[in-house]
$ cat run19.cif   # mmCIF, C-alpha atoms
data_my_file
loop_
_atom_site.label_atom_id
_atom_site.label_comp_id
_atom_site.auth_asym_id
_atom_site.auth_seq_id
_atom_site.Cartn_x
_atom_site.Cartn_y
_atom_site.Cartn_z
CA MET R 1 185.15 377.95 -64.88
CA ASP R 2 184.14 381.12 -66.71
CA GLU R 3 187.08 383.51 -67.17
CA ILE R 4 185.10 386.32 -65.61
CA ILE R 5 185.01 384.47 -62.27
CA LYS R 6 188.81 384.69 -62.27
CA ASP R 7 188.51 388.42 -62.98
CA PHE R 8 186.35 388.80 -59.85
CA HIS R 9 189.31 387.71 -57.74
CA ASP R 10 191.17 390.84 -58.85
CA LEU R 11 188.42 393.10 -57.49
CA ASP R 12 190.02 393.51 -54.07
CA ASP R 13 187.70 396.32 -52.98
CA ILE R 14 184.66 394.01 -53.25
CA PRO R 15 184.44 391.50 -50.35
CA ALA R 16 183.82 387.82 -50.94
CA PHE R 17 180.08 387.33 -51.05
CA GLN R 18 180.13 384.73 -48.27
CA THR R 19 181.44 387.32 -45.80
CA MET R 20 178.27 389.37 -46.31
CA VAL R 21 175.96 386.54 -45.26
CA GLY R 22 175.16 387.10 -41.60
CA ASN R 23 173.37 383.83 -40.85
CA VAL R 24 175.57 380.79 -41.48
CA GLU R 25 172.43 378.74 -42.23
CA HIS R 26 171.93 380.85 -45.35
CA LEU R 27 175.19 379.51 -46.79
CA SER R 28 173.41 376.16 -47.20
CA THR R 29 170.22 374.96 -48.83
CA ALA R 30 166.91 374.99 -46.98
CA GLU R 31 165.25 372.03 -45.27
CA ARG R 32 163.46 370.95 -48.40
CA LEU R 33 163.65 371.37 -52.16
CA ASP R 34 161.00 373.44 -53.94
CA VAL R 35 162.25 373.61 -57.54
CA VAL R 36 164.05 371.44 -60.07
CA GLN R 37 165.22 373.68 -62.89
CA MET R 38 166.14 371.95 -66.14
CA ASN R 39 168.33 373.72 -68.69
CA ILE R 40 167.50 371.51 -71.64
CA GLY R 41 169.82 373.03 -74.23
CA ARG R 42 171.91 375.93 -75.47
CA LYS R 43 170.41 376.18 -78.94
CA CYS R 44 168.35 379.33 -79.51
CA ASN R 45 167.00 381.20 -82.51
CA LEU R 46 168.30 384.43 -80.92
CA ALA R 47 171.65 385.59 -79.56
CA CYS R 48 170.59 388.25 -77.02
CA LYS R 49 173.23 390.67 -75.79
CA HIS R 50 172.41 390.07 -72.13
CA CYS R 51 172.33 386.24 -72.32
CA HIS R 52 174.35 384.85 -69.42
CA VAL R 53 174.50 381.32 -70.92
CA ASN R 54 175.84 382.34 -74.37
CA CYS R 55 172.96 380.65 -76.21
CA GLY R 56 172.48 381.04 -79.95
CA PRO R 57 171.69 379.41 -83.30
CA SER R 58 175.11 377.75 -83.60
CA ARG R 59 174.92 375.91 -80.25
CA VAL R 60 174.07 372.21 -80.47
CA GLU R 61 173.97 371.00 -76.84
CA GLU R 62 170.66 369.44 -75.78
CA MET R 63 169.35 367.35 -72.91
CA SER R 64 168.58 363.72 -73.71
CA LYS R 65 165.33 361.99 -72.82
CA GLU R 66 167.30 359.73 -70.46
CA ILE R 67 168.39 362.73 -68.37
CA MET R 68 164.88 364.18 -68.51
CA LYS R 69 163.48 360.91 -67.14
CA ALA R 70 165.98 361.00 -64.27
CA CYS R 71 164.91 364.56 -63.42
CA LEU R 72 161.24 363.55 -63.41
CA THR R 73 161.98 360.52 -61.24
CA TYR R 74 163.73 362.72 -58.71
CA VAL R 75 160.87 365.23 -58.73
CA GLU R 76 158.41 362.45 -58.02
CA GLU R 77 160.57 360.91 -55.28
CA GLU R 78 161.03 364.22 -53.46
CA ARG R 79 157.56 365.57 -54.25
CA VAL R 80 159.09 368.73 -55.63
CA GLY R 81 156.49 371.44 -56.19
CA THR R 82 157.86 373.11 -59.33
CA ILE R 83 159.63 372.06 -62.52
CA ASP R 84 161.23 375.04 -64.29
CA VAL R 85 162.19 374.37 -67.92
CA THR R 86 164.65 376.75 -69.54
CA GLY R 87 167.35 376.95 -72.23
CA GLY R 88 168.37 378.30 -74.82
CA ALA R 89 165.04 378.26 -76.43
CA PRO R 90 163.66 375.11 -74.75
CA GLU R 91 161.30 374.65 -77.71
CA MET R 92 164.29 373.67 -79.86
CA ASN R 93 164.89 370.51 -77.84
CA PRO R 94 163.06 367.74 -79.79
CA HIS R 95 161.86 366.13 -76.55
CA LEU R 96 160.15 369.21 -75.10
CA GLU R 97 156.56 368.19 -75.87
CA TRP R 98 157.17 364.78 -74.28
CA LEU R 99 158.81 366.44 -71.28
CA ILE R 100 155.91 368.86 -70.75
CA THR R 101 153.32 366.09 -70.91
CA GLU R 102 155.22 363.84 -68.49
CA ALA R 103 156.21 366.67 -66.15
CA CYS R 104 152.58 367.66 -65.66
CA LYS R 105 151.81 364.09 -64.54
CA VAL R 106 154.27 364.23 -61.63
CA CYS R 107 154.28 367.91 -60.70
CA GLY R 108 151.52 370.44 -60.08
CA HIS R 109 153.46 373.48 -61.27
CA VAL R 110 155.43 373.42 -64.51
CA ILE R 111 157.09 376.55 -65.92
CA VAL R 112 158.44 377.02 -69.43
CA ARG R 113 160.67 380.01 -70.19
CA THR R 114 160.36 381.26 -73.77
CA ASN R 115 161.68 384.12 -75.89
CA LEU R 116 158.28 384.14 -77.72
CA THR R 117 159.63 384.55 -81.27
CA ILE R 118 160.60 380.88 -81.52
CA LEU R 119 156.86 380.09 -81.41
CA LEU R 120 156.36 381.77 -84.79
CA GLU R 121 158.36 379.07 -86.54
CA GLU R 122 156.31 376.35 -88.22
CA GLU R 123 158.10 373.57 -86.36
CA TYR R 124 157.26 374.98 -82.94
CA LYS R 125 154.05 377.01 -83.16
CA HIS R 126 151.89 374.04 -82.10
CA LEU R 127 153.61 374.15 -78.71
CA MET R 128 151.44 377.10 -77.67
CA GLU R 129 148.44 374.77 -77.69
CA VAL R 130 150.46 372.12 -75.83
CA TYR R 131 151.27 374.67 -73.12
CA ALA R 132 147.62 375.67 -72.83
CA ARG R 133 146.36 372.08 -72.81
CA GLU R 134 148.73 371.10 -70.01
CA GLY R 135 148.24 374.34 -68.09
CA VAL R 136 151.93 375.23 -67.87
CA GLU R 137 152.98 378.66 -66.66
CA ILE R 138 154.76 380.69 -69.33
CA VAL R 139 157.55 383.04 -68.34
CA CYS R 140 158.49 385.09 -71.37
CA SER R 141 161.35 387.49 -71.84
CA LEU R 142 160.40 390.84 -73.37
CA PRO R 143 163.22 393.38 -72.99
CA TYR R 144 160.89 396.38 -73.43
CA TYR R 145 157.44 397.45 -74.63
CA ARG R 146 158.73 399.33 -77.69
CA ALA R 147 160.18 397.92 -80.90
CA GLU R 148 163.31 400.06 -81.06
CA GLU R 149 164.72 398.89 -77.73
CA VAL R 150 163.81 395.22 -78.24
CA ASP R 151 165.17 395.03 -81.79
CA ARG R 152 168.43 396.63 -80.64
CA VAL R 153 168.93 393.76 -78.17
CA ARG R 154 167.49 390.88 -80.20
CA GLY R 155 167.55 391.84 -83.88
CA ASP R 156 165.26 393.52 -86.39
CA GLY R 157 161.63 392.42 -86.31
CA THR R 158 161.83 390.51 -83.04
CA PHE R 159 159.52 392.88 -81.19
CA ASN R 160 156.71 392.56 -83.75
CA GLY R 161 157.16 388.80 -83.68
CA ALA R 162 156.88 388.73 -79.90
CA ILE R 163 153.71 390.85 -80.03
CA LYS R 164 152.16 388.44 -82.52
CA VAL R 165 152.87 385.47 -80.24
CA LEU R 166 151.56 387.30 -77.16
CA LYS R 167 148.28 387.96 -78.97
CA GLN R 168 147.99 384.27 -79.84
CA LEU R 169 148.70 383.29 -76.23
CA ASN R 170 146.01 385.72 -75.05
CA GLY R 171 143.68 384.10 -77.57
CA LEU R 172 144.31 380.73 -75.91
CA GLY R 173 143.43 382.24 -72.52
CA TYR R 174 146.91 383.06 -71.21
CA GLY R 175 146.88 386.08 -68.94
CA GLN R 176 143.08 385.87 -68.73
CA LYS R 177 142.16 382.44 -67.35
CA PRO R 178 143.46 381.91 -63.80
CA GLU R 179 144.94 378.52 -64.70
CA LEU R 180 146.94 379.93 -67.64
CA VAL R 181 149.56 382.22 -66.14
CA LEU R 182 151.58 384.47 -68.43
CA ASN R 183 154.47 386.26 -66.73
CA MET R 184 157.11 388.52 -68.24
CA VAL R 185 160.75 389.18 -67.40
CA TYR R 186 162.55 392.47 -67.95
CA ASN R 187 166.35 392.75 -68.12
CA PRO R 188 168.13 396.09 -68.60
CA ALA R 189 169.78 396.48 -72.00
CA GLY R 190 173.09 397.60 -70.54
CA ALA R 191 175.26 398.00 -67.45
CA PHE R 192 172.58 399.67 -65.37
CA PHE R 193 169.94 398.59 -62.86
CA PRO R 194 166.25 397.91 -63.57
CA PRO R 195 163.61 400.39 -62.38
CA ASP R 196 161.16 399.65 -59.57
CA GLN R 197 159.36 396.39 -60.36
CA LYS R 198 155.84 397.51 -59.47
CA ALA R 199 156.15 400.75 -61.47
CA MET R 200 157.63 398.88 -64.45
CA GLU R 201 154.83 396.32 -64.37
CA GLU R 202 152.22 399.07 -64.41
CA GLU R 203 153.98 400.76 -67.34
CA TYR R 204 154.21 397.48 -69.32
CA LYS R 205 150.54 396.67 -68.71
CA LYS R 206 149.45 400.17 -69.72
CA ARG R 207 151.52 400.35 -72.90
CA LEU R 208 151.03 396.77 -74.09
CA GLY R 209 147.32 396.98 -73.27
CA GLU R 210 146.64 400.31 -74.94
CA ASP R 211 148.90 399.79 -77.96
CA TYR R 212 148.31 396.10 -78.69
CA GLY R 213 145.45 394.82 -76.49
CA ILE R 214 147.82 392.46 -74.67
CA VAL R 215 147.26 391.31 -71.08
CA PHE R 216 149.55 389.34 -68.76
CA ASN R 217 149.84 388.49 -65.07
CA ASN R 218 153.12 389.73 -63.61
CA LEU R 219 156.36 391.41 -64.64
CA PHE R 220 159.63 390.54 -62.90
CA THR R 221 162.57 392.94 -63.19
CA LEU R 222 165.97 391.28 -62.95
CA TYR R 223 169.48 392.60 -62.47
CA ASN R 224 171.75 391.37 -65.24
CA ASN R 225 174.17 388.78 -63.93
CA PRO R 226 177.77 389.43 -65.06
CA MET R 227 178.13 386.06 -66.81
CA GLY R 228 178.30 384.89 -70.40
CA ARG R 229 177.68 387.39 -73.18
CA PHE R 230 176.83 390.18 -70.77
CA GLY R 231 179.96 389.49 -68.73
CA ALA R 232 182.06 389.63 -71.90
CA PHE R 233 180.50 392.99 -72.74
CA LEU R 234 181.37 394.34 -69.29
CA ARG R 235 184.96 393.16 -69.60
CA CYS R 236 185.48 394.48 -73.16
CA SER R 237 183.87 397.84 -72.41
CA GLY R 238 185.87 398.33 -69.22
CA ASN R 239 182.70 398.35 -67.11
CA LEU R 240 183.19 395.16 -65.07
CA SER R 241 184.65 396.78 -61.96
CA ARG R 242 182.16 399.65 -61.99
CA TYR R 243 179.16 397.34 -62.44
CA MET R 244 180.31 394.96 -59.71
CA LYS R 245 180.82 397.87 -57.31
CA LYS R 246 177.26 399.01 -58.02
CA LEU R 247 175.96 395.53 -57.23
CA TYR R 248 178.01 395.35 -54.03
CA ARG R 249 176.84 398.78 -52.84
CA ALA R 250 173.22 397.75 -53.49
CA PHE R 251 173.57 394.56 -51.41
CA ASN R 252 170.44 393.87 -49.34
CA GLY R 253 170.98 391.29 -46.61
CA ASP R 254 167.24 390.73 -46.27
CA THR R 255 167.19 389.00 -49.67
CA VAL R 256 169.66 386.24 -48.74
CA GLU R 257 167.23 383.93 -46.97
CA ALA R 258 165.06 383.65 -50.10
CA LEU R 259 167.85 383.15 -52.66
CA MET R 260 166.79 380.63 -55.30
CA CYS R 261 169.95 378.57 -54.81
CA ARG R 262 168.73 377.63 -51.33
CA TYR R 263 165.53 375.99 -52.59
CA GLN R 264 166.41 374.38 -55.91
CA VAL R 265 168.78 372.35 -58.00
CA SER R 266 169.62 373.37 -61.54
CA VAL R 267 170.25 370.44 -63.88
CA ASP R 268 172.26 371.15 -67.02
CA TYR R 269 171.69 369.47 -70.40
CA ASP R 270 174.38 366.87 -69.56
CA GLY R 271 172.89 365.99 -66.17
CA ARG R 272 175.40 367.88 -64.05
CA ILE R 273 173.92 369.67 -61.04
CA TYR R 274 174.40 373.32 -60.10
CA ASP R 275 173.03 375.48 -57.30
CA CYS R 276 171.49 377.91 -59.81
CA ASP R 277 171.43 378.85 -63.48
CA PHE R 278 174.09 381.53 -62.89
CA ASN R 279 176.52 379.04 -61.38
CA LEU R 280 175.75 376.86 -64.37
CA ALA R 281 176.73 379.73 -66.66
CA ALA R 282 179.89 380.29 -64.61
CA GLY R 283 180.88 376.61 -64.76
CA LEU R 284 180.62 376.20 -60.98
CA PRO R 285 178.89 372.86 -60.22
CA ILE R 286 177.81 371.92 -56.70
CA PHE R 287 180.76 371.11 -54.44
CA THR R 288 180.21 367.34 -54.63
CA GLU R 289 180.07 367.51 -58.48
CA GLU R 290 177.20 365.01 -58.60
CA THR R 291 174.83 364.44 -61.51
CA ILE R 292 171.07 363.95 -61.41
CA PHE R 293 171.67 360.19 -61.64
CA ASP R 294 173.52 360.36 -58.31
CA TYR R 295 170.46 362.06 -56.76
CA VAL R 296 167.85 359.54 -57.94
CA GLY R 297 166.90 357.02 -55.26
CA LYS R 298 168.52 358.99 -52.46
CA PRO R 299 166.73 361.22 -49.94
CA TYR R 300 167.32 364.95 -50.13
CA LYS R 301 169.95 366.33 -47.81
CA LYS R 302 171.10 369.89 -47.30
CA ARG R 303 174.23 371.01 -49.13
CA LYS R 304 176.59 373.95 -48.90
CA VAL R 305 175.87 376.47 -51.65
CA ARG R 306 178.73 377.46 -53.92
CA MET R 307 178.98 381.26 -53.97
CA ASP R 308 181.15 383.90 -55.62
CA LYS R 309 180.97 387.62 -56.33
CA HIS R 310 178.40 387.23 -59.13
CA CYS R 311 175.92 386.39 -56.33
CA TYR R 312 175.69 390.12 -55.60
CA ALA R 313 173.43 390.35 -58.66
CA CYS R 314 170.77 388.31 -56.83
CA THR R 315 170.91 390.38 -53.65
CA ALA R 316 170.96 393.90 -55.04
CA GLY R 317 168.02 396.12 -54.16
CA ALA R 318 164.83 394.13 -53.63
CA GLY R 319 166.52 390.96 -54.88
CA SER R 320 166.63 389.33 -58.28
CA SER R 321 166.27 385.63 -57.66
#
$ encode --input "run19.cif" --output "structure tokens"
Amino acid sequence: MDEIIKDFHDLDDIPAFQTMVGNVEHLSTAERLDVVQMNIGRKCNLACKHCHVNCGPSRVEEMSKEIMKACLTYVEEERVGTIDVTGGAPEMNPHLEWLITEACKVCGHVIVRTNLTILLEEEYKHLMEVYAREGVEIVCSLPYYRAEEVDRVRGDGTFNGAIKVLKQLNGLGYGQKPELVLNMVYNPAGAFFPPDQKAMEEEYKKRLGEDYGIVFNNLFTLYNNPMGRFGAFLRCSGNLSRYMKKLYRAFNGDTVEALMCRYQVSVDYDGRIYDCDFNLAAGLPIFTEETIFDYVGKPYKKRKVRMDKHCYACTAGAGSS
């Protein structure tokens, strides 16, 4: 369990998240599963300040092909609509190209989450054409539309690298052809909340379009979850209590029904199952502590969702799930 989860227990003026959920049904998963998310490794070419999974160049964990096959088998058995591939930089898993090809055979909607700059490296740049050939949706993280802010979070030159990759993706049809969806994700660079999503999307499209000729489909603004590297920053800077109080005060009960943990399973690189990627980061597996191998060959059944105070990050404002 992440140390910061233990710190949450000392925040007596913030109620347990479960007590805020009015409908008891929302404490459990929905009637059917929509998404299998696969975190296929911790290795990443970047070490972003807001990363909740503590990914970076020195990490070595990666999902094996055996575990990938089990995930795909389960998707096919349950007719799951979406496979969501994340990391780390998922491109750094040597089995990613195989996974993408096979995933598209059993699932109509495959998402790959990328930091963009990894696709500049010689070893991985061909994956852009693989993504386009298979028609996968790309969800890319771009902390801002100006170099100064992005380089402060990710390192010198990362913004220009991301722009170069975005232009290449546009050249392949991403953001332009309806079957090649290019979405972006914005995370605040510090202990503050994101602006209005619609207004931020309009600003991104205007600035990236006018300055670089880049087009994309949608922008999603997310509240930073107090886990991993960002959680460590909050603790060290003395901002943990203040940030958690802000999340609690922004709680919106209308977002609970649609929480991602109610419609998905998140499979870690070692096959262990979590309710969501944030529980994965916190070291909080599902209550039964099963692996994907335990799920294969068995029909889906509802489960109680494991919740703690970090869940306020997904229910603040308009929701961030």
$ residues_near_point --input "run19.cif" --point "(179.6, 392.4, -72.5)" --cutoff "12 Å" --atoms "only C-alpha atoms" --output "PDB file with C-alpha atoms, in the frame of the given file"
ATOM      1  CA  ILE R   4     185.100 386.320 -65.610  1.00  0.00           C
ATOM      2  CA  CYS R  48     170.590 388.250 -77.020  1.00  0.00           C
ATOM      3  CA  LYS R  49     173.230 390.670 -75.790  1.00  0.00           C
ATOM      4  CA  HIS R  50     172.410 390.070 -72.130  1.00  0.00           C
ATOM      5  CA  CYS R  51     172.330 386.240 -72.320  1.00  0.00           C
ATOM      6  CA  HIS R  52     174.350 384.850 -69.420  1.00  0.00           C
ATOM      7  CA  ASN R  54     175.840 382.340 -74.370  1.00  0.00           C
ATOM      8  CA  ALA R 189     169.780 396.480 -72.000  1.00  0.00           C
ATOM      9  CA  GLY R 190     173.090 397.600 -70.540  1.00  0.00           C
ATOM     10  CA  ALA R 191     175.260 398.000 -67.450  1.00  0.00           C
ATOM     11  CA  ASN R 224     171.750 391.370 -65.240  1.00  0.00           C
ATOM     12  CA  ASN R 225     174.170 388.780 -63.930  1.00  0.00           C
ATOM     13  CA  PRO R 226     177.770 389.430 -65.060  1.00  0.00           C
ATOM     14  CA  MET R 227     178.130 386.060 -66.810  1.00  0.00           C
ATOM     15  CA  GLY R 228     178.300 384.890 -70.400  1.00  0.00           C
ATOM     16  CA  ARG R 229     177.680 387.390 -73.180  1.00  0.00           C
ATOM     17  CA  PHE R 230     176.830 390.180 -70.770  1.00  0.00           C
ATOM     18  CA  GLY R 231     179.960 389.490 -68.730  1.00  0.00           C
ATOM     19  CA  ALA R 232     182.060 389.630 -71.900  1.00  0.00           C
ATOM     20  CA  PHE R 233     180.500 392.990 -72.740  1.00  0.00           C
ATOM     21  CA  LEU R 234     181.370 394.340 -69.290  1.00  0.00           C
ATOM     22  CA  ARG R 235     184.960 393.160 -69.600  1.00  0.00           C
ATOM     23  CA  CYS R 236     185.480 394.480 -73.160  1.00  0.00           C
ATOM     24  CA  SER R 237     183.870 397.840 -72.410  1.00  0.00           C
ATOM     25  CA  GLY R 238     185.870 398.330 -69.220  1.00  0.00           C
ATOM     26  CA  ASN R 239     182.700 398.350 -67.110  1.00  0.00           C
ATOM     27  CA  LEU R 240     183.190 395.160 -65.070  1.00  0.00           C
ATOM     28  CA  TYR R 243     179.160 397.340 -62.440  1.00  0.00           C
TER      29      TYR R 243
END
$ closest_residue --input "run19.cif" --among "R:Leu284, R:Met244, R:Leu99, R:Val215" --to "Glu134 (chain R)" --atoms "all atoms listed in the file"
R:Leu99
$ resolve_selection --input "run19.cif" --expression "the PyMOL selection byres ((chain R and resi 295) around 12)" --output "mmCIF file with C-alpha atoms, keeping the file's coordinate frame"
data_model
loop_
_atom_site.group_PDB
_atom_site.id
_atom_site.type_symbol
_atom_site.label_atom_id
_atom_site.label_comp_id
_atom_site.auth_asym_id
_atom_site.auth_seq_id
_atom_site.Cartn_x
_atom_site.Cartn_y
_atom_site.Cartn_z
ATOM 1 C CA VAL R 36 164.050 371.440 -60.070
ATOM 2 C CA ILE R 67 168.390 362.730 -68.370
ATOM 3 C CA ALA R 70 165.980 361.000 -64.270
ATOM 4 C CA CYS R 71 164.910 364.560 -63.420
ATOM 5 C CA LEU R 72 161.240 363.550 -63.410
ATOM 6 C CA THR R 73 161.980 360.520 -61.240
ATOM 7 C CA TYR R 74 163.730 362.720 -58.710
ATOM 8 C CA VAL R 75 160.870 365.230 -58.730
ATOM 9 C CA GLU R 77 160.570 360.910 -55.280
ATOM 10 C CA GLU R 78 161.030 364.220 -53.460
ATOM 11 C CA VAL R 265 168.780 372.350 -58.000
ATOM 12 C CA VAL R 267 170.250 370.440 -63.880
ATOM 13 C CA GLY R 271 172.890 365.990 -66.170
ATOM 14 C CA ARG R 272 175.400 367.880 -64.050
ATOM 15 C CA ILE R 273 173.920 369.670 -61.040
ATOM 16 C CA THR R 288 180.210 367.340 -54.630
ATOM 17 C CA GLU R 289 180.070 367.510 -58.480
ATOM 18 C CA GLU R 290 177.200 365.010 -58.600
ATOM 19 C CA THR R 291 174.830 364.440 -61.510
ATOM 20 C CA ILE R 292 171.070 363.950 -61.410
ATOM 21 C CA PHE R 293 171.670 360.190 -61.640
ATOM 22 C CA ASP R 294 173.520 360.360 -58.310
ATOM 23 C CA VAL R 296 167.850 359.540 -57.940
ATOM 24 C CA GLY R 297 166.900 357.020 -55.260
ATOM 25 C CA LYS R 298 168.520 358.990 -52.460
ATOM 26 C CA PRO R 299 166.730 361.220 -49.940
ATOM 27 C CA TYR R 300 167.320 364.950 -50.130
ATOM 28 C CA LYS R 301 169.950 366.330 -47.810
#
$ closest_residue --input "run19.cif" --among "R:Leu46, R:Ala132, R:Val85, R:Ala250" --to "Gly175 (chain R)" --atoms "only C-alpha atoms"
R:Ala132
$ residues_around --input "run19.cif" --residues "Asp12 (chain R)" --least-positions-apart "4" --cutoff "12 Å" --atoms "all atoms listed in the file" --output "list in words"
Asp7, Phe8, Ala16, Ser241, Met244, Lys245 and Lys309 of chain R
$ write_last_selection --input "run19.cif" --atoms "C-alpha atoms" --output "JSON list (two decimals), keeping the file's coordinate frame"
[["chain", "number", "residue", "atom", "x", "y", "z"],
["R", 7, "ASP", "CA", 188.51, 388.42, -62.98],
["R", 8, "PHE", "CA", 186.35, 388.80, -59.85],
["R", 16, "ALA", "CA", 183.82, 387.82, -50.94],
["R", 241, "SER", "CA", 184.65, 396.78, -61.96],
["R", 244, "MET", "CA", 180.31, 394.96, -59.71],
["R", 245, "LYS", "CA", 180.82, 397.87, -57.31],
["R", 309, "LYS", "CA", 180.97, 387.62, -56.33]]
$ resolve_selection --input "run19.cif" --expression "the PyMOL selection byres ((chain R and resi 131) around 12)" --output "ChimeraX atom specification"
/R:91,96-101,103-104,110-114,119,124-130,132-139,169,172-174,179-182
$ resolve_selection --input "run19.cif" --expression "the PyMOL selection byres ((chain R and resi 268) around 10)" --output "PDB file with C-alpha atoms, in the frame of the given file"
ATOM      1  CA  GLN R  37     165.220 373.680 -62.890  1.00  0.00           C
ATOM      2  CA  MET R  38     166.140 371.950 -66.140  1.00  0.00           C
ATOM      3  CA  ASN R  39     168.330 373.720 -68.690  1.00  0.00           C
ATOM      4  CA  ILE R  40     167.500 371.510 -71.640  1.00  0.00           C
ATOM      5  CA  GLY R  41     169.820 373.030 -74.230  1.00  0.00           C
ATOM      6  CA  ARG R  42     171.910 375.930 -75.470  1.00  0.00           C
ATOM      7  CA  GLU R  61     173.970 371.000 -76.840  1.00  0.00           C
ATOM      8  CA  GLU R  62     170.660 369.440 -75.780  1.00  0.00           C
ATOM      9  CA  MET R  63     169.350 367.350 -72.910  1.00  0.00           C
ATOM     10  CA  ILE R  67     168.390 362.730 -68.370  1.00  0.00           C
ATOM     11  CA  THR R  86     164.650 376.750 -69.540  1.00  0.00           C
ATOM     12  CA  GLY R  87     167.350 376.950 -72.230  1.00  0.00           C
ATOM     13  CA  VAL R 265     168.780 372.350 -58.000  1.00  0.00           C
ATOM     14  CA  SER R 266     169.620 373.370 -61.540  1.00  0.00           C
ATOM     15  CA  VAL R 267     170.250 370.440 -63.880  1.00  0.00           C
ATOM     16  CA  TYR R 269     171.690 369.470 -70.400  1.00  0.00           C
ATOM     17  CA  ASP R 270     174.380 366.870 -69.560  1.00  0.00           C
ATOM     18  CA  GLY R 271     172.890 365.990 -66.170  1.00  0.00           C
ATOM     19  CA  ARG R 272     175.400 367.880 -64.050  1.00  0.00           C
ATOM     20  CA  ILE R 273     173.920 369.670 -61.040  1.00  0.00           C
ATOM     21  CA  TYR R 274     174.400 373.320 -60.100  1.00  0.00           C
ATOM     22  CA  CYS R 276     171.490 377.910 -59.810  1.00  0.00           C
ATOM     23  CA  ASP R 277     171.430 378.850 -63.480  1.00  0.00           C
ATOM     24  CA  LEU R 280     175.750 376.860 -64.370  1.00  0.00           C
ATOM     25  CA  ALA R 281     176.730 379.730 -66.660  1.00  0.00           C
ATOM     26  CA  PRO R 285     178.890 372.860 -60.220  1.00  0.00           C
ATOM     27  CA  THR R 291     174.830 364.440 -61.510  1.00  0.00           C
ATOM     28  CA  ILE R 292     171.070 363.950 -61.410  1.00  0.00           C
TER      29      ILE R 292
END
$ residues_around --input "run19.cif" --residues "Ala47 (chain R)" --least-positions-apart "3" --cutoff "10 Å" --atoms "all atoms listed in the file" --output "list in words"
Lys43, Cys44, His50, Cys51, Asn54, Cys55, Gly56, Pro57, Ser58, Gly88, Val153, Arg154, Gly155 and Arg229 of chain R
$ atom_distance --input "run19.cif" --atom1 "CA of Pro143 (chain R)" --atom2 "CA of Tyr186 (chain R)"
5.2 Å
$ atom_distance --input "run19.cif" --atom1 "CA of Leu166 (chain R)" --atom2 "CA of Ile118 (chain R)"
11.9 Å
$ closest_residue --input "run19.cif" --among "R:Asp275, R:Val35, R:Ile163, R:Gly253" --to "Gly319 (chain R)" --atoms "only C-alpha atoms"
R:Gly253
$ closest_residue --input "run19.cif" --among "R:Met20, R:Ala318, R:Cys140, R:Leu27" --to "Lys302 (chain R)" --atoms "only C-alpha atoms"
R:Leu27
$ residues_around --input "run19.cif" --residues "Ala162 (chain R)" --least-positions-apart "3" --cutoff "12 Å" --atoms "all atoms listed in the file" --output "JSON, numbers by chain"
{"R": [114, 115, 116, 117, 118, 119, 120, 121, 140, 141, 142, 143, 144, 145, 146, 147, 150, 151, 154, 155, 156, 157, 158, 159, 165, 166, 167, 168, 169, 184, 208, 212, 214]}
$ atom_distance --input "run19.cif" --atom1 "CA of Gln18 (chain R)" --atom2 "CA of Leu33 (chain R)"
21.6 Å
$ residues_around --input "run19.cif" --residues "Thr255 (chain R)" --least-positions-apart "3" --cutoff "12 Å" --atoms "only C-alpha atoms" --output "list in words"
Met20, Val21, Gly22, Asn23, His26, Ala250, Phe251, Asn252, Ala258, Leu259, Met260, Cys261, Arg262, Cys311, Tyr312, Ala313, Cys314, Thr315, Ala316, Gly317, Ala318, Gly319, Ser320 and Ser321 of chain R
$ closest_residue --input "run19.cif" --among "R:Leu222, R:Ile286, R:Val305, R:Ile14" --to "Val256 (chain R)" --atoms "only C-alpha atoms"
R:Val305
$ residues_near_point --input "run19.cif" --point "(157.5, 371.7, -58.4)" --cutoff "8 Å" --atoms "all atoms listed in the file" --output "list in words"
Asp34, Val35, Val36, Val75, Arg79, Val80, Gly81, Thr82, Ile83, Asp84, Cys107, Gly108, His109 and Val110 of chain R
$ decode --input "run19.cif" --residues "region 262-267 of chain R" --atoms "N, CA, C and O atoms" --output "CSV table (one decimal), in the first residue's frame"
chain,number,residue,atom,x,y,z
R,262,ARG,N,-16.4,1.4,-11.9
R,262,ARG,CA,-17.6,0.6,-12.0
R,262,ARG,C,-17.8,-0.2,-13.3
R,262,ARG,O,-18.6,-1.0,-13.4
R,263,TYR,N,-17.0,0.2,-14.3
R,263,TYR,CA,-17.2,-0.4,-15.6
R,263,TYR,C,-15.9,-1.1,-16.2
R,263,TYR,O,-15.9,-1.5,-17.3
R,264,GLN,N,-14.9,-1.2,-15.4
R,264,GLN,CA,-13.7,-1.8,-15.9
R,264,GLN,C,-12.9,-2.6,-14.9
R,264,GLN,O,-13.2,-2.6,-13.7
R,265,VAL,N,-11.9,-3.3,-15.4
R,265,VAL,CA,-10.9,-3.9,-14.6
R,265,VAL,C,-9.6,-3.3,-15.1
R,265,VAL,O,-9.4,-3.1,-16.3
R,266,SER,N,-8.6,-3.1,-14.2
R,266,SER,CA,-7.3,-2.6,-14.6
R,266,SER,C,-6.3,-3.7,-14.3
R,266,SER,O,-6.2,-4.1,-13.1
R,267,VAL,N,-5.6,-4.2,-15.3
R,267,VAL,CA,-4.7,-5.4,-15.1
R,267,VAL,C,-3.3,-4.8,-15.1
R,267,VAL,O,-2.8,-4.2,-16.1
